[in-house]
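Undergrad: Structure supplied as input01.pdb; contents: PDB, C-alpha atoms.
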```
ATOM      1  CA  MET A  20     -34.123 -40.642  50.734
ATOM      2  CA  LYS A  21     -35.680 -42.618  47.883
ATOM      3  CA  LEU A  22     -38.055 -44.324  50.326
ATOM      4  CA  VAL A  23     -39.084 -40.973  51.821
ATOM      5  CA  LEU A  24     -39.720 -39.502  48.390
ATOM      6  CA  ALA A  25     -41.769 -42.545  47.436
ATOM      7  CA  ILE A  26     -43.936 -42.150  50.555
ATOM      8  CA  VAL A  27     -44.511 -38.470  49.808
ATOM      9  CA  VAL A  28     -45.391 -39.129  46.176
ATOM     10  CA  LEU A  29     -47.747 -41.962  47.098
ATOM     11  CA  ALA A  30     -49.443 -39.742  49.661
ATOM     12  CA  ALA A  31     -49.942 -37.020  47.094
ATOM     13  CA  LEU A  32     -51.342 -39.496  44.570
ATOM     14  CA  ALA A  33     -53.664 -41.015  47.154
ATOM     15  CA  LEU A  34     -55.043 -37.615  48.021
ATOM     16  CA  GLY A  35     -55.603 -36.717  44.366
ATOM     17  CA  VAL A  36     -57.588 -33.524  43.891
ATOM     18  CA  ALA A  37     -58.433 -33.502  47.590
ATOM     19  CA  TYR A  38     -54.710 -33.087  48.256
ATOM     20  CA  TRP A  39     -54.781 -29.485  47.156
ATOM     21  CA  ILE A  40     -58.080 -28.456  48.676
ATOM     22  CA  SER A  41     -57.350 -30.240  51.968
ATOM     23  CA  PRO A  42     -55.246 -28.832  54.826
ATOM     24  CA  LEU A  43     -52.316 -31.008  53.687
ATOM     25  CA  HIS A  44     -52.520 -33.043  56.878
ATOM     26  CA  THR A  45     -51.401 -36.272  55.231
ATOM     27  CA  PHE A  46     -48.429 -34.703  53.492
ATOM     28  CA  ASN A  47     -47.480 -32.788  56.617
ATOM     29  CA  THR A  48     -47.712 -35.941  58.738
ATOM     30  CA  LEU A  49     -45.551 -38.055  56.446
ATOM     31  CA  VAL A  50     -42.868 -35.648  55.349
ATOM     32  CA  PRO A  51     -39.703 -35.338  57.489
ATOM     33  CA  LYS A  52     -39.332 -31.917  59.152
ATOM     34  CA  ASP A  53     -36.346 -29.716  59.912
ATOM     35  CA  GLY A  54     -35.283 -30.928  63.340
ATOM     36  CA  ASN A  55     -33.353 -27.877  64.497
ATOM     37  CA  THR A  56     -36.572 -25.929  65.043
ATOM     38  CA  ARG A  57     -39.249 -25.635  67.703
ATOM     39  CA  LYS A  58     -42.882 -24.637  67.804
ATOM     40  CA  VAL A  59     -42.863 -21.842  70.349
ATOM     41  CA  ALA A  60     -46.598 -21.088  70.255
ATOM     42  CA  ASP A  61     -49.633 -23.108  69.208
ATOM     43  CA  GLY A  62     -53.051 -21.629  68.534
ATOM     44  CA  LEU A  63     -52.552 -18.163  69.971
ATOM     45  CA  ALA A  64     -55.610 -15.962  69.478
ATOM     46  CA  TYR A  65     -55.321 -12.748  67.496
ATOM     47  CA  GLY A  66     -59.113 -12.236  67.531
ATOM     48  CA  ASP A  67     -62.311 -13.651  68.958
ATOM     49  CA  HIS A  68     -63.266 -15.978  66.094
ATOM     50  CA  PRO A  69     -62.151 -19.649  66.367
ATOM     51  CA  ARG A  70     -60.212 -19.308  63.095
ATOM     52  CA  GLN A  71     -58.338 -16.235  64.271
ATOM     53  CA  ARG A  72     -55.460 -18.259  65.658
ATOM     54  CA  LEU A  73     -51.778 -18.552  64.772
ATOM     55  CA  ASP A  74     -48.727 -20.739  65.337
ATOM     56  CA  ILE A  75     -45.136 -19.555  65.776
ATOM     57  CA  TYR A  76     -41.916 -21.390  64.907
ATOM     58  CA  ALA A  77     -38.284 -20.516  65.714
ATOM     59  CA  PRO A  78     -34.818 -22.052  65.551
ATOM     60  CA  VAL A  79     -33.896 -24.293  68.488
ATOM     61  CA  GLU A  80     -30.800 -22.234  69.179
ATOM     62  CA  SER A  81     -31.856 -18.614  68.947
ATOM     63  CA  PRO A  82     -29.322 -15.819  69.493
ATOM     64  CA  ASP A  83     -29.764 -13.175  72.169
ATOM     65  CA  ILE A  84     -30.965 -10.708  69.524
ATOM     66  CA  ARG A  85     -34.516 -10.691  68.171
ATOM     67  CA  LEU A  86     -34.829 -12.528  64.874
ATOM     68  CA  PRO A  87     -36.458 -11.267  61.668
ATOM     69  CA  ILE A  88     -39.978 -12.514  61.023
ATOM     70  CA  ILE A  89     -41.685 -14.251  58.118
ATOM     71  CA  VAL A  90     -45.478 -14.239  58.279
ATOM     72  CA  PHE A  91     -46.691 -17.013  55.974
ATOM     73  CA  PHE A  92     -50.287 -17.234  54.740
ATOM     74  CA  TYR A  93     -51.288 -20.604  53.277
ATOM     75  CA  GLY A  94     -53.519 -21.063  50.246
ATOM     76  CA  GLY A  95     -56.663 -23.035  49.494
ATOM     77  CA  SER A  96     -58.817 -20.926  47.166
ATOM     78  CA  TRP A  97     -59.918 -18.746  50.118
ATOM     79  CA  ASN A  98     -62.266 -21.578  51.122
ATOM     80  CA  SER A  99     -60.065 -24.229  52.753
ATOM     81  CA  GLY A 100     -56.915 -24.803  54.771
ATOM     82  CA  THR A 101     -55.685 -24.890  58.354
ATOM     83  CA  ARG A 102     -52.404 -23.851  59.879
ATOM     84  CA  GLU A 103     -51.851 -27.404  61.202
ATOM     85  CA  GLY A 104     -51.080 -28.585  57.664
ATOM     86  CA  TYR A 105     -48.133 -26.220  57.292
ATOM     87  CA  ASP A 106     -45.802 -27.329  60.064
ATOM     88  CA  PHE A 107     -43.343 -28.426  57.354
ATOM     89  CA  ALA A 108     -43.262 -24.899  55.896
ATOM     90  CA  GLY A 109     -43.018 -23.144  59.243
ATOM     91  CA  ARG A 110     -40.113 -25.325  60.310
ATOM     92  CA  ALA A 111     -38.361 -25.065  56.925
ATOM     93  CA  LEU A 112     -38.290 -21.273  57.192
ATOM     94  CA  ALA A 113     -37.491 -21.234  60.911
ATOM     95  CA  ALA A 114     -34.472 -23.462  60.254
ATOM     96  CA  GLN A 115     -33.091 -20.650  58.108
ATOM     97  CA  GLY A 116     -32.970 -18.273  61.070
ATOM     98  CA  PHE A 117     -36.418 -16.680  61.199
ATOM     99  CA  VAL A 118     -39.294 -16.495  63.605
ATOM    100  CA  VAL A 119     -42.173 -17.768  61.457
ATOM    101  CA  VAL A 120     -45.841 -16.984  62.050
ATOM    102  CA  VAL A 121     -48.528 -19.086  60.321
ATOM    103  CA  PRO A 122     -52.046 -17.670  60.844
ATOM    104  CA  ASP A 123     -55.421 -19.179  60.166
ATOM    105  CA  TYR A 124     -58.105 -16.877  58.757
ATOM    106  CA  ARG A 125     -61.842 -17.000  58.106
ATOM    107  CA  LEU A 126     -62.917 -18.743  54.912
ATOM    108  CA  VAL A 127     -65.561 -18.582  52.212
ATOM    109  CA  PRO A 128     -68.527 -19.002  52.520
ATOM    110  CA  GLU A 129     -68.536 -17.729  56.108
ATOM    111  CA  VAL A 130     -66.862 -14.580  54.834
ATOM    112  CA  ARG A 131     -66.135 -13.149  51.421
ATOM    113  CA  TYR A 132     -63.734 -10.441  50.342
ATOM    114  CA  PRO A 133     -62.472  -8.550  52.288
ATOM    115  CA  GLY A 134     -62.986 -10.758  55.381
ATOM    116  CA  PHE A 135     -59.854 -12.872  54.889
ATOM    117  CA  VAL A 136     -57.739  -9.767  54.210
ATOM    118  CA  GLU A 137     -59.097  -8.135  57.366
ATOM    119  CA  ASP A 138     -58.018 -11.215  59.305
ATOM    120  CA  GLY A 139     -54.552 -10.987  57.791
ATOM    121  CA  ALA A 140     -54.307  -7.371  58.949
ATOM    122  CA  ALA A 141     -55.462  -8.328  62.449
ATOM    123  CA  ALA A 142     -52.851 -11.088  62.594
ATOM    124  CA  LEU A 143     -50.118  -8.653  61.575
ATOM    125  CA  ARG A 144     -51.143  -6.148  64.213
ATOM    126  CA  TRP A 145     -50.975  -8.956  66.770
ATOM    127  CA  VAL A 146     -47.485  -9.781  65.509
ATOM    128  CA  GLN A 147     -46.387  -6.183  65.862
ATOM    129  CA  ALA A 148     -47.675  -5.999  69.438
ATOM    130  CA  ASN A 149     -46.664  -9.443  70.723
ATOM    131  CA  VAL A 150     -44.029 -11.224  68.665
ATOM    132  CA  ALA A 151     -41.126  -9.770  70.650
ATOM    133  CA  ASP A 152     -42.249 -12.038  73.495
ATOM    134  CA  HIS A 153     -41.470 -14.979  71.201
ATOM    135  CA  GLY A 154     -38.062 -13.819  69.993
ATOM    136  CA  GLY A 155     -39.065 -11.876  66.882
ATOM    137  CA  ASP A 156     -38.263  -8.332  65.748
ATOM    138  CA  PRO A 157     -41.600  -6.606  65.020
ATOM    139  CA  GLU A 158     -39.870  -4.018  62.832
ATOM    140  CA  SER A 159     -38.381  -6.632  60.491
ATOM    141  CA  VAL A 160     -41.289  -8.466  58.877
ATOM    142  CA  VAL A 161     -41.412 -10.155  55.486
ATOM    143  CA  LEU A 162     -44.846 -11.183  54.279
ATOM    144  CA  SER A 163     -45.116 -14.404  52.324
ATOM    145  CA  GLY A 164     -47.705 -16.912  51.249
ATOM    146  CA  HIS A 165     -48.770 -19.425  48.660
ATOM    147  CA  SER A 166     -51.644 -19.039  46.180
ATOM    148  CA  ALA A 167     -54.665 -17.493  47.970
ATOM    149  CA  GLY A 168     -52.332 -16.821  50.897
ATOM    150  CA  ALA A 169     -49.968 -14.934  48.604
ATOM    151  CA  TYR A 170     -52.973 -12.842  47.569
ATOM    152  CA  ILE A 171     -53.692 -11.934  51.201
ATOM    153  CA  ALA A 172     -50.046 -11.074  51.840
ATOM    154  CA  ALA A 173     -49.885  -8.948  48.674
ATOM    155  CA  MET A 174     -52.968  -6.957  49.608
ATOM    156  CA  LEU A 175     -51.480  -6.249  53.026
ATOM    157  CA  ALA A 176     -48.169  -5.224  51.467
ATOM    158  CA  TYR A 177     -49.562  -2.970  48.720
ATOM    159  CA  ASP A 178     -53.047  -1.778  49.689
ATOM    160  CA  ALA A 179     -52.561   0.698  52.538
ATOM    161  CA  ARG A 180     -56.235   0.531  53.542
ATOM    162  CA  TRP A 181     -55.599  -2.568  55.639
ATOM    163  CA  LEU A 182     -52.565  -1.655  57.737
ATOM    164  CA  GLY A 183     -52.292   2.107  57.406
ATOM    165  CA  GLU A 184     -49.131   3.404  59.077
ATOM    166  CA  ASP A 185     -48.461  -0.073  60.489
ATOM    167  CA  ARG A 186     -47.451  -1.124  56.974
ATOM    168  CA  ALA A 187     -44.032   0.349  57.775
ATOM    169  CA  MET A 188     -43.160  -2.910  59.553
ATOM    170  CA  VAL A 189     -43.302  -4.784  56.216
ATOM    171  CA  ARG A 190     -39.808  -4.940  54.712
ATOM    172  CA  GLY A 191     -40.670  -7.115  51.751
ATOM    173  CA  PHE A 192     -43.156  -9.449  50.121
ATOM    174  CA  ALA A 193     -42.352 -12.943  48.821
ATOM    175  CA  GLY A 194     -45.231 -14.499  46.897
ATOM    176  CA  LEU A 195     -45.439 -18.134  45.792
ATOM    177  CA  ALA A 196     -47.812 -18.743  42.856
ATOM    178  CA  GLY A 197     -49.991 -15.796  43.802
ATOM    179  CA  PRO A 198     -53.146 -14.591  42.010
ATOM    180  CA  PHE A 199     -52.442 -10.884  41.674
ATOM    181  CA  ASP A 200     -54.254  -9.962  38.459
ATOM    182  CA  PHE A 201     -57.128 -12.388  37.869
ATOM    183  CA  LEU A 202     -60.029 -10.452  36.396
ATOM    184  CA  PRO A 203     -62.464 -11.353  34.982
ATOM    185  CA  LEU A 204     -63.663 -13.799  37.634
ATOM    186  CA  ASP A 205     -63.691 -17.048  35.689
ATOM    187  CA  THR A 206     -63.585 -19.775  38.358
ATOM    188  CA  ASP A 207     -66.056 -20.882  40.999
ATOM    189  CA  SER A 208     -63.603 -20.021  43.780
ATOM    190  CA  THR A 209     -62.947 -16.463  42.611
ATOM    191  CA  ARG A 210     -66.625 -15.797  41.989
ATOM    192  CA  ALA A 211     -67.502 -17.117  45.458
ATOM    193  CA  ALA A 212     -64.801 -15.048  47.160
ATOM    194  CA  PHE A 213     -65.082 -11.783  45.197
ATOM    195  CA  GLY A 214     -68.257 -11.872  43.108
ATOM    196  CA  GLU A 215     -70.352  -9.825  45.520
ATOM    197  CA  TRP A 216     -67.876  -6.922  45.722
ATOM    198  CA  PRO A 217     -69.136  -3.868  43.798
ATOM    199  CA  ASP A 218     -65.706  -2.613  42.651
ATOM    200  CA  LEU A 219     -63.772  -5.607  41.362
ATOM    201  CA  PRO A 220     -60.648  -3.737  40.168
ATOM    202  CA  GLU A 221     -59.926  -2.697  43.752
ATOM    203  CA  THR A 222     -59.695  -6.377  44.745
ATOM    204  CA  GLN A 223     -56.606  -6.835  42.544
ATOM    205  CA  PRO A 224     -53.127  -6.434  44.092
ATOM    206  CA  VAL A 225     -51.735  -5.294  40.725
ATOM    207  CA  ASN A 226     -53.870  -2.155  40.940
ATOM    208  CA  TRP A 227     -52.398  -1.052  44.279
ATOM    209  CA  ALA A 228     -48.704  -1.000  43.368
ATOM    210  CA  GLY A 229     -47.234   2.395  44.129
ATOM    211  CA  ALA A 230     -44.087   4.347  44.940
ATOM    212  CA  GLY A 231     -42.542   3.491  48.279
ATOM    213  CA  ASP A 232     -44.080   0.023  48.457
ATOM    214  CA  PRO A 233     -42.105  -2.953  49.854
ATOM    215  CA  PRO A 234     -39.900  -4.791  47.340
ATOM    216  CA  ALA A 235     -41.189  -8.083  46.000
ATOM    217  CA  LEU A 236     -39.875 -11.509  45.116
ATOM    218  CA  LEU A 237     -42.425 -13.435  43.050
ATOM    219  CA  LEU A 238     -41.830 -17.175  42.697
ATOM    220  CA  HIS A 239     -43.846 -19.176  40.185
ATOM    221  CA  GLY A 240     -43.789 -22.569  38.532
ATOM    222  CA  ALA A 241     -43.587 -22.334  34.762
ATOM    223  CA  GLN A 242     -46.033 -25.260  34.555
ATOM    224  CA  ASP A 243     -48.616 -23.702  36.875
ATOM    225  CA  ALA A 244     -51.999 -24.067  35.197
ATOM    226  CA  THR A 245     -53.988 -23.077  38.319
ATOM    227  CA  VAL A 246     -52.563 -19.590  38.822
ATOM    228  CA  LYS A 247     -50.642 -18.745  35.695
ATOM    229  CA  PRO A 248     -47.228 -17.064  35.863
ATOM    230  CA  ARG A 249     -48.634 -13.960  34.134
ATOM    231  CA  ASN A 250     -49.987 -12.962  37.572
ATOM    232  CA  SER A 251     -46.496 -12.586  38.992
ATOM    233  CA  ILE A 252     -45.224 -10.944  35.814
ATOM    234  CA  ALA A 253     -48.025  -8.363  35.912
ATOM    235  CA  LEU A 254     -47.457  -7.441  39.560
ATOM    236  CA  ALA A 255     -43.701  -7.143  39.032
ATOM    237  CA  ALA A 256     -44.268  -4.854  36.038
ATOM    238  CA  ALA A 257     -46.646  -2.633  38.021
ATOM    239  CA  LEU A 258     -44.209  -2.361  40.912
ATOM    240  CA  GLU A 259     -41.255  -1.618  38.649
ATOM    241  CA  GLU A 260     -43.267   1.074  36.866
ATOM    242  CA  ALA A 261     -43.799   2.670  40.290
ATOM    243  CA  GLY A 262     -40.077   2.516  41.014
ATOM    244  CA  VAL A 263     -40.254  -0.471  43.368
ATOM    245  CA  GLU A 264     -37.763  -3.334  43.179
ATOM    246  CA  ALA A 265     -39.433  -6.554  42.020
ATOM    247  CA  GLN A 266     -38.089  -9.870  40.748
ATOM    248  CA  VAL A 267     -39.876 -12.814  39.176
ATOM    249  CA  ILE A 268     -38.307 -16.269  39.267
ATOM    250  CA  GLU A 269     -39.952 -18.999  37.197
ATOM    251  CA  TYR A 270     -39.011 -22.609  37.844
ATOM    252  CA  GLU A 271     -39.084 -24.985  34.907
ATOM    253  CA  GLU A 272     -41.027 -28.237  35.370
ATOM    254  CA  VAL A 273     -42.659 -26.854  38.529
ATOM    255  CA  ASP A 274     -46.416 -26.554  38.954
ATOM    256  CA  HIS A 275     -48.804 -24.864  41.395
ATOM    257  CA  VAL A 276     -48.359 -27.322  44.273
ATOM    258  CA  ASP A 277     -44.650 -28.006  43.649
ATOM    259  CA  VAL A 278     -43.639 -24.440  44.419
ATOM    260  CA  LEU A 279     -45.032 -24.933  47.937
ATOM    261  CA  ILE A 280     -44.033 -28.497  48.756
ATOM    262  CA  HIS A 281     -40.477 -27.909  47.520
ATOM    263  CA  LEU A 282     -40.002 -26.163  50.866
ATOM    264  CA  ALA A 283     -40.125 -29.621  52.482
ATOM    265  CA  ARG A 284     -36.859 -31.385  53.269
ATOM    266  CA  PRO A 285     -37.125 -34.357  50.875
ATOM    267  CA  LEU A 286     -38.259 -32.210  47.932
ATOM    268  CA  ARG A 287     -36.328 -28.980  48.219
ATOM    269  CA  SER A 288     -33.504 -30.165  45.987
ATOM    270  CA  ARG A 289     -35.928 -30.091  43.049
ATOM    271  CA  SER A 290     -35.925 -26.286  42.894
ATOM    272  CA  THR A 291     -34.376 -23.331  44.703
ATOM    273  CA  VAL A 292     -37.619 -22.019  46.248
ATOM    274  CA  LEU A 293     -36.393 -22.154  49.861
ATOM    275  CA  GLU A 294     -32.993 -20.715  48.978
ATOM    276  CA  ASP A 295     -34.484 -17.873  46.936
ATOM    277  CA  LEU A 296     -37.142 -16.982  49.499
ATOM    278  CA  THR A 297     -34.800 -16.940  52.484
ATOM    279  CA  ARG A 298     -32.097 -15.013  50.637
ATOM    280  CA  PHE A 299     -34.645 -12.324  49.815
ATOM    281  CA  ALA A 300     -35.936 -12.241  53.393
ATOM    282  CA  ARG A 301     -32.414 -11.911  54.803
ATOM    283  CA  ASN A 302     -31.570  -9.116  52.406
ATOM    284  CA  ARG A 303     -34.729  -7.227  53.309
ATOM    285  CA  THR A 304     -34.313  -7.593  57.089
ATOM    286  CA  GLY A 305     -30.550  -7.317  57.415
ATOM    287  CA  GLY A 306     -30.234 -10.957  58.502
ATOM    288  CA  ASN A 307     -27.095 -13.012  58.078
TER     289      ASN A 307
END
```
Would you encode the structure as structure tokens?

TA:
Amino acid sequence: MKLVLAIVVLAALALGVAYWISPLHTFNTLVPKDGNTRKVADGLAYGDHPRQRLDIYAPVESPDIRLPIIVFFYGGSWNSGTREGYDFAGRALAAQGFVVVVPDYRLVPEVRYPGFVEDGAAALRWVQANVADHGGDPESVVLSGHSAGAYIAAMLAYDARWLGEDRAMVRGFAGLAGPFDFLPLDTDSTRAAFGEWPDLPETQPVNWAGAGDPPALLLHGAQDATVKPRNSIALAAALEEAGVEAQVIEYEEVDHVDVLIHLARPLRSRSTVLEDLTRFARNRTGGN
């Protein structure tokens, strides 16, 4: 275990800043995966664009019943990332008894807001129509994601413009280090993704919280200097004011990247991210 941890740490150090803005291929290649899982679909198209593709993971031994679903959107400042770098996350969640869908989506500068949210909605509609063929229950979906991916998942969960009546499939939202309340635009990545939109307040998940919305679990590292914990606190407060159940869990000595990579086998003992996320998803979908 010490050798594995050393390899992972060295890989992260070698990648430096590029580690976070890359698709995490090096980390994903080196880190041991949950072995009791299988990749049941690779690169299925949910649209015509080359980046409108998704992967699906499931437990090796699936019961005869359809399993609840976690749709996980990865981060990368809306301008980077590929689903291939998140095999470790897909398998970690699948090992807990879920069918896990990891979509790609179009990136800045090819698109700007709301292009990546539109892709998220298209991926979810594909899930609703097709995931039963891969062992999932299309009426028991939990949306999740990290960073920019948590933003996409939150907009789908709380802004009814994107899914309309199909939003009924969403049983809950679990966000990891999500930017939910980030005005004014004060970084290059947010200005590039949202700066051309004429009504900036409507780009903020915190402004869409309303009665009847899906419950939320918001996980954040207390040491996150990239997306500060106040984002999760603000969204939880807005949901609670609307009468929606919301919980924030802050992890001490955890930063922006930690809250994601602690899903991986060698690192998950450092916080309870995987345990907290899967407990919430089971409670919301009636899983065991």

Undergrad: Rounded to one decimal place, report the atom CA of A:Glu260-atom CA of A:Gly229 distance in Å.

TA: 8.4 Å

Undergrad: Taking the file as shown, what set of residues would the PyMOL selection byres ((chain A and resi 136) around 10) give back, as a ChimeraX atom specification?

TA: /A:124-125,131-135,137-142,168,170-175,181

Undergrad: With 9 Å as the cut-off and all atoms listed in the file counted, what is the closest atom pair between each nearby residue of stretch 104-151 of chain A and stretch 75-98 of chain A? Distances in Å to one decimal, ordered by chain and number, as CSV.

TA:
```
residue,atom,partner,partner_atom,distance
A:Tyr105,CA,A:Tyr93,CA,7.6
A:Asp106,CA,A:Tyr76,CA,8.6
A:Ala108,CA,A:Phe91,CA,8.6
A:Gly109,CA,A:Tyr76,CA,6.0
A:Arg110,CA,A:Tyr76,CA,6.3
A:Leu112,CA,A:Ile89,CA,7.9
A:Ala113,CA,A:Ala77,CA,4.9
A:Ala114,CA,A:Pro78,CA,5.5
A:Gln115,CA,A:Pro78,CA,7.8
A:Gly116,CA,A:Pro78,CA,6.1
A:Phe117,CA,A:Pro87,CA,5.4
A:Val118,CA,A:Ala77,CA,4.7
A:Val119,CA,A:Ile89,CA,4.9
A:Val120,CA,A:Ile75,CA,4.6
A:Val121,CA,A:Phe91,CA,5.2
A:Pro122,CA,A:Phe92,CA,6.4
A:Asp123,CA,A:Phe92,CA,7.7
A:Tyr124,CA,A:Phe92,CA,8.8
A:Arg125,CA,A:Asn98,CA,8.4
A:Leu126,CA,A:Asn98,CA,4.8
A:Val127,CA,A:Asn98,CA,4.6
A:Pro128,CA,A:Asn98,CA,6.9
A:Glu129,CA,A:Asn98,CA,8.9
A:Arg131,CA,A:Trp97,CA,8.5
A:Phe135,CA,A:Trp97,CA,7.6
A:Gly139,CA,A:Phe92,CA,8.2
A:Leu143,CA,A:Val90,CA,8.0
A:Val146,CA,A:Val90,CA,8.7
A:Val150,CA,A:Ile88,CA,8.7
A:Ala151,CA,A:Arg85,CA,7.1
```

Undergrad: Please produce a file of those selected residues containing C-alpha atoms, as a short mmCIF file (atom, residue, chain, number, x, y, z; two decimals), keeping the file's coordinate frame.

TA:
```cif
data_model
loop_
_atom_site.label_atom_id
_atom_site.label_comp_id
_atom_site.auth_asym_id
_atom_site.auth_seq_id
_atom_site.Cartn_x
_atom_site.Cartn_y
_atom_site.Cartn_z
CA TYR A 105 -48.13 -26.22 57.29
CA ASP A 106 -45.80 -27.33 60.06
CA ALA A 108 -43.26 -24.90 55.90
CA GLY A 109 -43.02 -23.14 59.24
CA ARG A 110 -40.11 -25.32 60.31
CA LEU A 112 -38.29 -21.27 57.19
CA ALA A 113 -37.49 -21.23 60.91
CA ALA A 114 -34.47 -23.46 60.25
CA GLN A 115 -33.09 -20.65 58.11
CA GLY A 116 -32.97 -18.27 61.07
CA PHE A 117 -36.42 -16.68 61.20
CA VAL A 118 -39.29 -16.50 63.60
CA VAL A 119 -42.17 -17.77 61.46
CA VAL A 120 -45.84 -16.98 62.05
CA VAL A 121 -48.53 -19.09 60.32
CA PRO A 122 -52.05 -17.67 60.84
CA ASP A 123 -55.42 -19.18 60.17
CA TYR A 124 -58.10 -16.88 58.76
CA ARG A 125 -61.84 -17.00 58.11
CA LEU A 126 -62.92 -18.74 54.91
CA VAL A 127 -65.56 -18.58 52.21
CA PRO A 128 -68.53 -19.00 52.52
CA GLU A 129 -68.54 -17.73 56.11
CA ARG A 131 -66.14 -13.15 51.42
CA PHE A 135 -59.85 -12.87 54.89
CA GLY A 139 -54.55 -10.99 57.79
CA LEU A 143 -50.12 -8.65 61.58
CA VAL A 146 -47.48 -9.78 65.51
CA VAL A 150 -44.03 -11.22 68.67
CA ALA A 151 -41.13 -9.77 70.65
#
```

Undergrad: Which residue gives the smallest distance to A:Val59 among A:Gly240, A:Gly104, A:Gly154, A:Pro217, with all atoms listed in the file counted?

TA: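 The answer is A:Gly154, which sits nearest to A:Val59.
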
Undergrad: Please determine, counting only C-alpha atoms, which residue among A:Thr101, A:Tyr65, A:Leu279, A:Arg186 has the shortest atom-to-atom distance to A:Ala148.

TA: A:Tyr65

Undergrad: Mind checking which residues fall within 9 Å of A:Ala255, counting only C-alpha atoms, ignoring those fewer than 6 positions away in the same chain, and posting them as a VMD selection string?

TA: chain A and resid 225 235 to 237 263 to 267

Undergrad: What would the selection look like, as an mmCIF file with C-alpha atoms, in the frame of the given file, if the PyMOL selection byres ((chain A and resi 196) around 6) were run on the coordinates I just shared?

TA:
```cif
data_model
loop_
_atom_site.group_PDB
_atom_site.id
_atom_site.type_symbol
_atom_site.label_atom_id
_atom_site.label_comp_id
_atom_site.auth_asym_id
_atom_site.auth_seq_id
_atom_site.Cartn_x
_atom_site.Cartn_y
_atom_site.Cartn_z
ATOM 1 C CA HIS A 165 -48.770 -19.425 48.660
ATOM 2 C CA SER A 166 -51.644 -19.039 46.180
ATOM 3 C CA LEU A 195 -45.439 -18.134 45.792
ATOM 4 C CA GLY A 197 -49.991 -15.796 43.802
ATOM 5 C CA HIS A 239 -43.846 -19.176 40.185
#
```

Undergrad: What does the distance between atom CA of A:Leu182 and atom CA of A:Pro203 come to in Å, to one decimal place?

TA: 26.6 Å

Undergrad: Taking only C-alpha atoms into account, which of A:Asp243, A:Glu259, A:Asp232, A:Glu103 comes nearest A:Val273?

TA: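 Result for the nearest residue to A:Val273: A:Asp243.
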
Undergrad: Between atom CA of A:Thr222 and atom CA of A:Val246, what distance in Å does the model show, to one decimal?

TA: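 Between atom CA of A:Thr222 and atom CA of A:Val246 the gap is 16.1 Å.
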
Undergrad: Contacts of A:Ala64 at 7 Å or less, counting all atoms listed in the file, minus same-chain residues fewer than 5 places along, as a list in words?

TA: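 Near A:Ala64, the qualifying residues are Gln71, Arg72 and Leu73 of chain A.
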
Undergrad: Name the residues captured by the PyMOL selection byres ((chain A and resi 254) around 8) when it is applied to the shown file; answer as a ChimeraX atom specification.

TA: /A:199-200,224-225,228,250-253,255-258

Undergrad: Using all atoms listed in the file, which residue out of A:His281, A:Arg190, A:Arg287, A:Lys247 lies closest to A:Asn302?

TA: A:Arg190
